[in-house]
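Q: See start-v9.txt below, with compact mmCIF, C-alpha atoms.
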```txt
# COMPACT_ATOMS: atom_id res chain seq x y z
CA MET A 1 75.38 -23.39 48.28
CA SER A 2 75.67 -25.71 51.24
CA SER A 3 76.99 -29.21 50.63
CA ASP A 4 75.15 -32.48 51.25
CA ASP A 5 77.24 -33.06 54.37
CA GLU A 6 76.42 -29.66 55.80
CA LEU A 7 72.70 -30.11 55.08
CA ALA A 8 72.74 -33.62 56.53
CA GLU A 9 74.35 -32.31 59.69
CA ARG A 10 71.72 -29.59 60.07
CA LEU A 11 68.98 -32.16 59.42
CA ARG A 12 70.36 -34.41 62.12
CA ALA A 13 70.36 -31.47 64.49
CA GLY A 14 66.60 -31.12 63.82
CA ASP A 15 66.81 -27.95 61.74
CA GLU A 16 63.60 -27.79 59.68
CA ARG A 17 65.06 -25.05 57.46
CA ALA A 18 67.59 -27.59 56.21
CA LEU A 19 64.70 -29.82 55.12
CA ARG A 20 63.23 -26.81 53.33
CA THR A 21 66.52 -26.32 51.46
CA VAL A 22 66.59 -30.01 50.53
CA TYR A 23 62.99 -29.69 49.30
CA GLU A 24 63.83 -26.67 47.17
CA ARG A 25 66.83 -28.44 45.73
CA HIS A 26 65.42 -31.93 45.17
CA GLY A 27 61.62 -31.72 45.55
CA ALA A 28 61.17 -31.37 41.79
CA ALA A 29 63.16 -34.56 41.13
CA VAL A 30 61.19 -36.53 43.74
CA LEU A 31 57.88 -35.25 42.34
CA TYR A 32 59.02 -36.08 38.79
CA LEU A 33 59.92 -39.64 39.80
CA ALA A 34 56.61 -40.23 41.59
CA GLN A 35 54.55 -38.74 38.80
CA ARG A 36 56.45 -40.71 36.19
CA LEU A 37 55.83 -43.97 38.07
CA LEU A 38 52.26 -43.34 39.22
CA GLY A 39 51.02 -41.42 36.21
CA ASN A 40 48.83 -39.32 38.48
CA ARG A 41 49.63 -35.89 39.82
CA ALA A 42 47.61 -36.09 43.05
CA ASP A 43 49.19 -39.39 44.10
CA ALA A 44 52.61 -38.13 43.08
CA GLU A 45 52.18 -35.11 45.35
CA ASP A 46 51.15 -37.39 48.22
CA VAL A 47 54.18 -39.61 47.68
CA THR A 48 56.42 -36.52 47.56
CA GLN A 49 55.01 -35.39 50.88
CA LEU A 50 55.46 -38.86 52.40
CA THR A 51 59.02 -39.04 51.07
CA PHE A 52 60.11 -35.81 52.71
CA VAL A 53 58.32 -36.63 55.96
CA ALA A 54 60.04 -40.05 55.97
CA ALA A 55 63.36 -38.38 55.16
CA TRP A 56 62.84 -36.10 58.15
CA THR A 57 61.86 -38.95 60.47
CA GLY A 58 64.72 -41.13 59.23
CA ARG A 59 67.27 -38.36 58.83
CA ASP A 60 69.79 -40.19 61.00
CA SER A 61 69.99 -42.97 58.41
CA PHE A 62 71.49 -40.77 55.70
CA ASP A 63 75.12 -41.72 55.14
CA SER A 64 77.12 -39.56 52.75
CA GLU A 65 79.59 -42.41 52.33
CA ARG A 66 76.94 -44.40 50.51
CA GLY A 67 75.57 -41.76 48.18
CA THR A 68 74.25 -38.24 47.82
CA LEU A 69 71.17 -36.74 49.42
CA LEU A 70 69.38 -36.93 46.08
CA GLY A 71 70.20 -40.62 45.69
CA TRP A 72 68.95 -41.25 49.24
CA LEU A 73 65.72 -39.31 48.66
CA LEU A 74 65.03 -41.05 45.36
CA GLY A 75 65.52 -44.40 47.12
CA ILE A 76 62.89 -43.45 49.71
CA ALA A 77 60.57 -42.10 46.99
CA ARG A 78 60.84 -45.33 45.03
CA ARG A 79 59.86 -47.34 48.09
CA LYS A 80 56.96 -45.03 48.90
CA THR A 81 55.75 -45.23 45.30
CA ILE A 82 55.93 -49.01 45.28
CA ASP A 83 54.08 -49.14 48.64
CA ARG A 84 51.46 -46.91 47.09
CA LEU A 85 51.04 -49.11 44.03
CA ARG A 86 50.86 -52.23 46.20
CA SER A 87 48.31 -50.90 48.64
CA ALA A 88 46.28 -49.55 45.75
CA ALA A 89 46.25 -52.99 44.22
CA ARG A 90 45.23 -54.45 47.61
CA ASP A 91 42.62 -51.92 48.50
CA THR A 92 40.53 -51.04 45.49
CA ARG A 93 37.84 -49.48 47.64
CA LEU A 94 39.58 -46.13 47.55
CA SER A 95 38.67 -44.03 44.57
CA GLU A 96 42.29 -43.01 44.06
CA ALA A 97 43.21 -46.66 43.70
CA VAL A 98 40.86 -46.94 40.76
CA SER A 99 42.57 -44.05 39.04
CA LEU A 100 45.95 -45.69 39.66
CA GLN A 101 44.87 -48.84 37.91
CA LEU A 102 43.87 -46.84 34.87
CA VAL A 103 47.53 -46.21 34.11
CA PRO A 104 48.71 -49.12 31.98
CA PRO A 105 51.93 -50.50 33.49
CA ALA A 106 53.40 -50.80 29.97
CA ASP A 107 53.44 -47.01 29.70
CA ARG A 108 55.62 -46.70 32.79
CA GLU A 109 59.35 -46.34 32.48
CA ALA A 110 61.25 -48.68 34.82
CA PRO A 111 61.74 -46.97 38.19
CA GLU A 112 65.48 -47.66 38.08
CA ARG A 113 65.85 -45.89 34.77
CA VAL A 114 63.96 -42.80 35.92
CA VAL A 115 66.24 -42.65 38.98
CA ASP A 116 69.31 -43.05 36.76
CA ARG A 117 68.23 -40.24 34.47
CA LEU A 118 67.58 -37.98 37.47
CA VAL A 119 70.98 -38.56 39.09
CA VAL A 120 72.85 -38.13 35.80
CA ALA A 121 70.91 -34.91 35.07
CA ASP A 122 71.70 -33.68 38.58
CA GLU A 123 75.39 -34.38 38.03
CA MET A 124 75.26 -32.57 34.68
CA ALA A 125 73.96 -29.53 36.53
CA ARG A 126 76.86 -29.75 38.97
CA LEU A 127 79.62 -29.93 36.34
CA PRO A 128 81.87 -26.91 35.77
CA GLU A 129 80.22 -24.61 33.22
CA GLU A 130 82.54 -25.31 30.27
CA GLN A 131 82.45 -29.08 30.82
CA ARG A 132 78.66 -29.01 30.96
CA ARG A 133 78.35 -26.87 27.83
CA THR A 134 80.66 -29.22 25.93
CA LEU A 135 78.69 -32.31 26.96
CA GLN A 136 75.37 -30.65 26.15
CA LEU A 137 76.59 -30.00 22.61
CA ALA A 138 77.72 -33.62 22.33
CA PHE A 139 74.64 -35.25 23.94
CA PHE A 140 71.77 -32.96 23.00
CA ASP A 141 72.99 -31.56 19.67
CA ASP A 142 74.94 -34.62 18.50
CA LEU A 143 77.98 -32.58 17.53
CA THR A 144 81.36 -34.29 17.01
CA HIS A 145 84.36 -32.98 18.94
CA PRO A 146 85.75 -30.97 15.97
CA GLN A 147 82.29 -29.38 15.52
CA ILE A 148 82.16 -28.54 19.24
CA ALA A 149 85.61 -26.94 18.97
CA ALA A 150 84.37 -24.88 16.02
CA VAL A 151 81.18 -23.78 17.81
CA THR A 152 82.80 -22.92 21.13
CA GLY A 153 86.18 -21.68 19.89
CA LEU A 154 87.89 -24.00 22.40
CA PRO A 155 91.06 -25.85 21.30
CA LEU A 156 90.42 -29.43 20.18
CA GLY A 157 92.48 -30.86 23.05
CA THR A 158 90.40 -28.91 25.60
CA VAL A 159 87.16 -30.18 24.09
CA LYS A 160 88.42 -33.75 24.27
CA SER A 161 89.48 -33.39 27.89
CA HIS A 162 86.13 -31.76 28.83
CA ILE A 163 84.32 -34.68 27.24
CA ARG A 164 86.50 -37.26 28.97
CA ARG A 165 86.38 -35.62 32.40
CA GLY A 166 82.72 -34.72 32.18
CA MET A 167 81.73 -38.24 31.22
CA ALA A 168 83.94 -39.70 33.93
CA ASN A 169 82.14 -37.49 36.47
CA LEU A 170 78.72 -38.59 35.23
CA ARG A 171 79.80 -42.22 35.29
CA ARG A 172 81.13 -42.00 38.83
CA ARG A 173 77.94 -40.37 40.07
CA TRP A 174 75.81 -42.95 38.28
CA GLU A 175 77.80 -45.75 39.89
CA VAL A 176 77.31 -44.19 43.35
CA ASP A 177 73.65 -43.15 43.13
CA GLY A 178 72.19 -45.02 40.21
CA ALA A 179 69.51 -47.62 40.73
CA ALA A 180 70.11 -49.88 37.73
CA LEU A 181 73.57 -50.99 38.79
CA GLY A 182 72.49 -52.56 42.05
CA SER A 183 70.70 -52.06 45.31
CA ARG A 184 73.35 -49.88 46.91
CA SER A 185 71.24 -46.76 46.91
CA ALA A 186 68.18 -48.67 48.10
CA SER A 187 69.79 -50.43 51.05
CA PRO A 188 70.35 -47.48 53.40
CA THR A 189 66.69 -46.50 53.10
CA ARG A 190 65.19 -49.94 53.61
CA ALA A 191 64.13 -49.10 57.13
CA LEU A 192 62.06 -46.08 56.08
CA MET B 1 98.23 -55.09 26.06
CA GLN B 2 98.17 -51.34 25.41
CA HIS B 3 94.61 -50.10 26.18
CA LEU B 4 92.89 -47.31 24.31
CA ASP B 5 93.44 -43.72 25.42
CA PRO B 6 90.69 -42.50 27.82
CA ASP B 7 89.94 -39.53 25.53
CA ARG B 8 89.31 -41.97 22.70
CA LEU B 9 87.10 -44.23 24.85
CA ALA B 10 84.83 -41.26 25.61
CA LEU B 11 84.63 -40.24 21.96
CA LEU B 12 83.97 -43.81 20.82
CA ALA B 13 81.14 -43.96 23.36
CA LEU B 14 79.70 -40.91 21.59
CA SER B 15 79.72 -42.95 18.36
CA GLU B 16 82.57 -41.04 16.76
CA GLU B 17 84.44 -42.93 14.03
CA PRO B 18 87.05 -45.43 15.30
CA GLU B 19 90.61 -44.66 14.22
CA LEU B 20 92.97 -47.18 12.67
CA GLY B 21 93.26 -50.32 14.81
CA GLU B 22 90.75 -49.18 17.46
CA GLY B 23 88.01 -51.45 16.13
CA ASP B 24 90.31 -54.45 16.28
CA HIS B 25 91.42 -53.60 19.80
CA LEU B 26 87.84 -53.23 21.05
CA ALA B 27 86.86 -56.53 19.49
CA GLY B 28 89.60 -58.28 21.43
CA CYS B 29 89.63 -56.28 24.70
CA PRO B 30 86.74 -56.79 27.15
CA VAL B 31 88.11 -54.07 29.49
CA CYS B 32 87.99 -51.29 26.91
CA ARG B 33 84.73 -52.62 25.50
CA HIS B 34 83.15 -52.47 28.96
CA ASP B 35 84.34 -48.87 29.40
CA VAL B 36 82.91 -47.81 26.06
CA GLU B 37 79.60 -49.54 26.76
CA THR B 38 79.28 -48.01 30.23
CA LEU B 39 80.12 -44.54 28.94
CA ARG B 40 77.62 -45.01 26.12
CA ASP B 41 74.92 -45.87 28.71
CA VAL B 42 75.83 -42.73 30.65
CA ALA B 43 75.62 -40.65 27.46
CA THR B 44 72.20 -42.12 26.64
CA LEU B 45 70.92 -41.43 30.18
CA ALA B 46 72.21 -37.86 29.93
CA ALA B 47 70.65 -37.33 26.50
CA ASP B 48 67.31 -38.71 27.76
CA GLY B 49 67.54 -36.43 30.76
CA GLN B 50 67.60 -33.20 28.80
CA ASP B 51 64.11 -32.24 30.00
CA LEU B 52 65.21 -32.79 33.62
CA MET B 53 67.78 -30.01 33.51
CA ASP B 54 65.15 -27.38 34.21
CA LEU B 55 62.22 -28.93 36.04
CA PRO B 56 59.76 -26.38 37.46
CA PRO B 57 60.35 -25.64 41.16
CA PRO B 58 58.38 -27.95 43.49
CA PRO B 59 55.01 -26.47 44.54
CA GLU B 60 54.59 -24.62 47.79
CA HIS B 61 51.47 -26.51 48.87
CA ILE B 62 53.41 -29.80 49.01
CA TRP B 63 55.89 -28.11 51.30
CA GLN B 64 53.01 -27.02 53.54
CA ALA B 65 51.82 -30.62 53.70
CA ILE B 66 55.37 -31.76 54.56
CA GLU B 67 55.56 -29.14 57.29
CA ALA B 68 52.23 -30.32 58.68
CA GLY B 69 53.54 -33.88 58.54
CA ILE B 70 56.72 -33.21 60.48
CA THR B 71 55.26 -30.91 63.12
CA GLY B 72 56.18 -32.29 66.48
CA THR B 73 57.86 -35.43 65.14
CA ALA B 74 61.11 -34.19 66.63
CA ALA B 75 59.65 -34.78 70.09
CA PRO B 76 59.33 -38.41 71.17
CA VAL B 77 55.77 -39.72 71.13
CA ILE B 78 54.85 -40.67 74.65
CA ALA B 79 52.38 -43.35 75.63
CA LEU B 80 48.90 -42.32 76.67
CA PRO B 81 48.24 -44.09 79.99
CA ALA B 82 44.68 -42.86 80.48
CA ARG B 83 43.79 -44.29 77.10
CA ARG B 84 45.30 -47.67 77.91
CA ALA B 85 43.25 -47.97 81.11
CA ARG B 86 40.06 -47.24 79.24
CA THR B 87 40.58 -50.10 76.81
CA TRP B 88 39.53 -52.48 79.59
CA PRO B 89 35.96 -53.46 78.92
CA ARG B 90 33.55 -51.71 81.23
CA TRP B 91 31.97 -54.97 82.44
CA LEU B 92 35.35 -56.15 83.66
CA MET B 93 35.83 -53.29 86.11
CA PRO B 94 33.61 -54.61 88.95
CA VAL B 95 35.14 -58.06 88.41
CA LEU B 96 38.65 -56.66 88.70
CA ALA B 97 37.70 -54.60 91.71
CA ALA B 98 36.07 -57.54 93.43
CA ALA B 99 38.99 -59.84 92.68
CA ALA B 100 41.44 -57.31 93.96
CA ALA B 101 39.40 -56.69 97.10
CA ALA B 102 39.37 -60.41 97.74
CA VAL B 103 43.17 -60.49 97.78
CA THR B 104 43.90 -57.45 99.88
CA ALA B 105 41.98 -54.31 100.50
CA VAL B 106 45.01 -52.18 99.66
CA VAL B 107 45.55 -53.64 96.20
CA GLY B 108 41.82 -53.39 95.51
CA THR B 109 41.81 -49.71 96.30
CA VAL B 110 44.75 -49.02 94.03
CA LEU B 111 43.18 -50.90 91.12
CA VAL B 112 39.80 -49.26 91.45
CA ALA B 113 41.44 -45.88 91.71
CA GLY B 114 43.55 -46.65 88.67
CA VAL B 115 40.60 -47.70 86.58
CA THR B 116 37.99 -45.18 87.58
CA GLU B 117 40.09 -42.09 88.05
CA ARG B 118 39.44 -39.78 85.12
CA PRO B 119 40.90 -36.33 85.37
CA ALA B 120 38.42 -34.13 83.56
CA GLU B 121 39.56 -32.37 80.40
CA GLN B 122 43.12 -33.64 80.46
CA VAL B 123 44.56 -33.29 76.95
CA THR B 124 46.42 -36.42 75.89
CA ALA B 125 47.22 -35.44 72.28
CA ARG B 126 46.81 -32.44 70.06
CA ALA B 127 47.26 -31.42 66.42
CA THR B 128 47.16 -28.26 64.35
CA LEU B 129 45.26 -28.69 61.10
CA ALA B 130 46.71 -27.06 57.99
CA PRO B 131 44.99 -26.66 54.61
CA LEU B 132 45.92 -28.90 51.68
CA THR B 133 46.01 -28.32 47.93
CA SER B 134 43.34 -26.03 46.50
CA VAL B 135 42.01 -25.23 49.97
CA PRO B 136 42.11 -21.53 50.89
CA ALA B 137 45.13 -20.79 53.05
CA THR B 138 42.87 -19.21 55.69
CA ALA B 139 41.30 -22.60 56.40
CA GLY B 140 42.64 -24.45 59.40
CA GLY B 141 41.85 -25.85 62.76
CA SER B 142 43.00 -27.59 65.86
CA VAL B 143 42.34 -30.92 67.50
CA ARG B 144 42.58 -31.99 71.12
CA VAL B 145 42.13 -35.53 72.28
CA LEU B 146 40.97 -35.62 75.90
CA SER B 147 41.63 -38.29 78.46
CA ASP B 148 37.98 -39.36 78.28
CA GLY B 149 38.45 -40.35 74.61
CA GLN B 150 36.65 -37.35 73.18
CA MET B 151 38.25 -35.57 70.27
CA GLN B 152 37.53 -31.85 70.23
CA ILE B 153 37.83 -30.29 66.81
CA ASP B 154 37.76 -26.60 66.00
CA VAL B 155 37.79 -25.68 62.33
CA ARG B 156 37.64 -22.36 60.54
CA ASN B 157 37.05 -21.21 56.96
CA LEU B 158 36.42 -24.66 55.52
CA PRO B 159 35.25 -24.42 51.90
CA LEU B 160 31.48 -24.86 51.47
CA THR B 161 30.40 -28.35 50.52
CA THR B 162 27.29 -29.88 49.00
CA GLY B 163 28.09 -32.97 51.05
CA PHE B 164 29.63 -33.01 54.53
CA HIS B 165 32.98 -32.79 56.29
CA GLU B 166 34.28 -35.98 57.81
CA VAL B 167 37.10 -36.54 60.28
CA TRP B 168 39.55 -39.41 59.84
CA LEU B 169 42.57 -40.78 61.66
CA ILE B 170 45.09 -42.01 59.11
CA ASP B 171 48.22 -44.13 59.47
CA PRO B 172 50.76 -41.90 57.67
CA ASP B 173 52.99 -44.90 57.04
CA GLN B 174 50.18 -46.67 55.18
CA PRO B 175 47.87 -43.88 54.02
CA THR B 176 45.17 -46.27 52.86
CA ARG B 177 44.67 -47.42 56.47
CA MET B 178 42.33 -45.10 58.33
CA VAL B 179 39.65 -44.85 60.99
CA ALA B 180 36.47 -42.82 60.42
CA VAL B 181 35.84 -40.68 63.51
CA GLY B 182 32.70 -38.81 62.55
CA ASN B 183 31.36 -35.76 60.76
CA LEU B 184 31.55 -32.09 61.60
CA SER B 185 27.84 -31.32 61.14
CA GLY B 186 28.56 -27.73 60.11
CA LYS B 187 29.47 -26.50 63.60
CA PRO B 188 32.81 -24.83 64.22
CA ASP B 189 33.47 -26.75 67.44
CA VAL B 190 32.60 -30.42 67.64
CA ALA B 191 33.42 -33.23 70.06
CA LEU B 192 33.60 -36.73 68.57
CA PRO B 193 34.37 -40.00 70.38
CA VAL B 194 37.53 -41.74 69.16
CA PRO B 195 36.67 -45.43 68.61
CA PRO B 196 37.94 -47.30 71.70
CA GLY B 197 41.21 -49.13 71.15
CA THR B 198 42.41 -46.84 68.35
CA ASP B 199 46.21 -46.67 68.46
CA LEU B 200 46.90 -42.95 68.22
CA ASN B 201 50.60 -43.58 67.80
CA ARG B 202 49.80 -45.33 64.54
CA TYR B 203 46.68 -43.46 63.42
CA ARG B 204 48.17 -40.08 64.21
CA LEU B 205 47.36 -38.10 61.08
CA VAL B 206 44.07 -36.22 61.53
CA ASP B 207 42.37 -35.60 58.19
CA VAL B 208 39.22 -33.60 57.44
CA SER B 209 37.70 -34.53 54.08
CA ASP B 210 34.90 -33.31 51.87
CA GLU B 211 32.50 -36.21 51.41
CA PRO B 212 29.69 -36.28 48.85
CA HIS B 213 26.30 -37.80 49.75
CA ASP B 214 26.96 -40.82 47.56
CA GLY B 215 26.43 -43.55 50.12
CA ASP B 216 30.08 -44.57 49.81
CA VAL B 217 31.51 -44.83 53.32
CA THR B 218 35.15 -44.76 52.19
CA HIS B 219 37.29 -41.64 52.02
CA SER B 220 36.45 -39.49 49.01
CA GLY B 221 40.12 -38.73 48.38
CA ARG B 222 39.39 -35.01 48.79
CA SER B 223 41.27 -34.01 51.91
CA LEU B 224 40.90 -30.43 53.10
CA LEU B 225 42.90 -30.22 56.33
CA ARG B 226 45.57 -32.36 57.87
CA GLY B 227 47.70 -32.37 60.99
CA THR B 228 49.67 -34.87 63.04
CA LEU B 229 48.71 -35.72 66.62
CA THR B 230 51.41 -35.36 69.22
CA SER B 231 51.28 -35.97 72.92
```
The structure given in the file should be rewritten as structure tokens.
A:
Amino acid sequence: MSSDDELAERLRAGDERALRTVYERHGAAVLYLAQRLLGNRADAEDVTQLTFVAAWTGRDSFDSERGTLLGWLLGIARRKTIDRLRSAARDTRLSEAVSLQLVPPADREAPERVVDRLVVADEMARLPEEQRRTLQLAFFDDLTHPQIAAVTGLPLGTVKSHIRRGMANLRRRWEVDGAALGSRSASPTRAL
Amino acid sequence: MQHLDPDRLALLALSEEPELGEGDHLAGCPVCRHDVETLRDVATLAADGQDLMDLPPPPEHIWQAIEAGITGTAAPVIALPARRARTWPRWLMPVLAAAAAAVTAVVGTVLVAGVTERPAEQVTARATLAPLTSVPATAGGSVRVLSDGQMQIDVRNLPLTTGFHEVWLIDPDQPTRMVAVGNLSGKPDVALPVPPGTDLNRYRLVDVSDEPHDGDVTHSGRSLLRGTLTS
């Protein structure tokens, strides 16, 4: 699997296959974010398309020092979604705008929180297998560390260190790419 | 002050029982408390992200739309000089020519040549139209904008409609901004005039839509083909 840096380099060189790889890897997350915020599949697909086209056009602005490709893409997608909601509010002549307004804003999760969930889930998927399995048992199944040790057969000390290291990894990623903690992930994409 | 062990901070964030003295320490130590709270937020985000671990793969038709959107964007968009000349109102041309002639004959000649010269059939921009969602993959087309402002559109295998097919020029950066160019009138090869003054660098996304006969002049939202104009 090629790294973010490698993909970014190929993108900068104008390699469309790199964009395809990025789409395969992160298209689902971008589509999820847009659909979650817009509440409408057709608009979410449009925003996904716009996001990847903007990512292609603005590919020189990606900076791996500031975050991951996913964090960068989600920042663009958030902006495109917000543009969409604003122009829909401005221009109610379009039929799609009417359908947008039918989604009560109260039912929408805050954009920042959706982004945060997506980056944390992405980091979960990147964790070493045993670390991930341990955290899944703790987060999804609510098991205590002695219970996890019993289920997995791992020594108690190993379970504890998996939990500590795994959570430290998630935290670090959240602090780099998360939206709720600040505008860091939004700033490099402001021009798009 | 001796802070809590990192292993313990993680477990406390997962709501495991505090051991002797840990509760007291947390109550008095903002550093450890902050760590536990942050880790607890992370744990909550992870738990609420369970359904995100296996999202379905993104659909192929969105990729096709992305591909259509990026076609040619790698090449710089060049200005369209013939188009710029034509934006001068027609009534102004004799005035300009006369004014120029009054100054010097040479300048007058150059200006008149510059304004009236129209190389026939010179293509100033073109686009390949690709099918969108729910449109048969065999549908497609091509667009050529000529130096005389005519847009030539060839389409094939468009789905049948009870209404009509309309051609739009959309600003991809603000997709609700668009220019109606005209309708296809059921013929495979149609020439439509681009409204004078249209900025093709901005309104560069050609869109063919299915429009019902409902008297509503705005875009129906049902796009069939799209492609980006490049010089």
Q: Using only C-alpha atoms, find each residue of chain B with at least one atom at most 6 Å away from an atom of chain A; report its shortest atom-to-atom pair and that distance in Å (one decimal), sort the rows by chain and rising residue number, and return the result as a tab-separated table.
A:
```
residue	atom	partner	partner_atom	distance
B:Asp7	CA	A:Arg164	CA	5.4
B:Ala10	CA	A:Arg164	CA	5.5
B:Leu45	CA	A:Arg117	CA	5.2
B:Ala46	CA	A:Val120	CA	5.9
B:Ala47	CA	A:Phe139	CA	5.2
B:Gly49	CA	A:Arg117	CA	5.4
B:Pro57	CA	A:Ala28	CA	5.8
B:Pro58	CA	A:Ala28	CA	4.7
B:Ile66	CA	A:Gln49	CA	5.2
B:Ile70	CA	A:Val53	CA	5.9
```
Q: What's the 6 Å shell around range 11-28 of chain B, counting all atoms listed in the file, without same-chain residues fewer than 2 positions away, as a list in words?
A: Arg8, Leu9, Arg33, Val36, Leu39 and Arg40 of chain B
Q: Include C-alpha atoms and write out the residues we just selected as an mmCIF file, keeping the file's coordinate frame.
A:
```cif
data_model
loop_
_atom_site.group_PDB
_atom_site.id
_atom_site.type_symbol
_atom_site.label_atom_id
_atom_site.label_comp_id
_atom_site.auth_asym_id
_atom_site.auth_seq_id
_atom_site.Cartn_x
_atom_site.Cartn_y
_atom_site.Cartn_z
ATOM 1 C CA ARG B 8 89.310 -41.970 22.700
ATOM 2 C CA LEU B 9 87.100 -44.230 24.850
ATOM 3 C CA ARG B 33 84.730 -52.620 25.500
ATOM 4 C CA VAL B 36 82.910 -47.810 26.060
ATOM 5 C CA LEU B 39 80.120 -44.540 28.940
ATOM 6 C CA ARG B 40 77.620 -45.010 26.120
#
```
Q: Might you pull out every residue within 7 Å of Thr128 in chain B, with only C-alpha atoms counted and same-chain residues fewer than 2 positions away left off, and present them as a list in words?
A: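 Neighbouring residues, sequence-local ones excluded: Ala130, Gly141, Ser142, Val143 and Gly227 of chain B.
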Q: Export, as a compact mmCIF listing (two decimals), keeping the file's coordinate frame, the selected residues with C-alpha atoms.
A:
```
# COMPACT_ATOMS: atom_id res chain seq x y z
CA ALA B 130 46.71 -27.06 57.99
CA GLY B 141 41.85 -25.85 62.76
CA SER B 142 43.00 -27.59 65.86
CA VAL B 143 42.34 -30.92 67.50
CA GLY B 227 47.70 -32.37 60.99
```
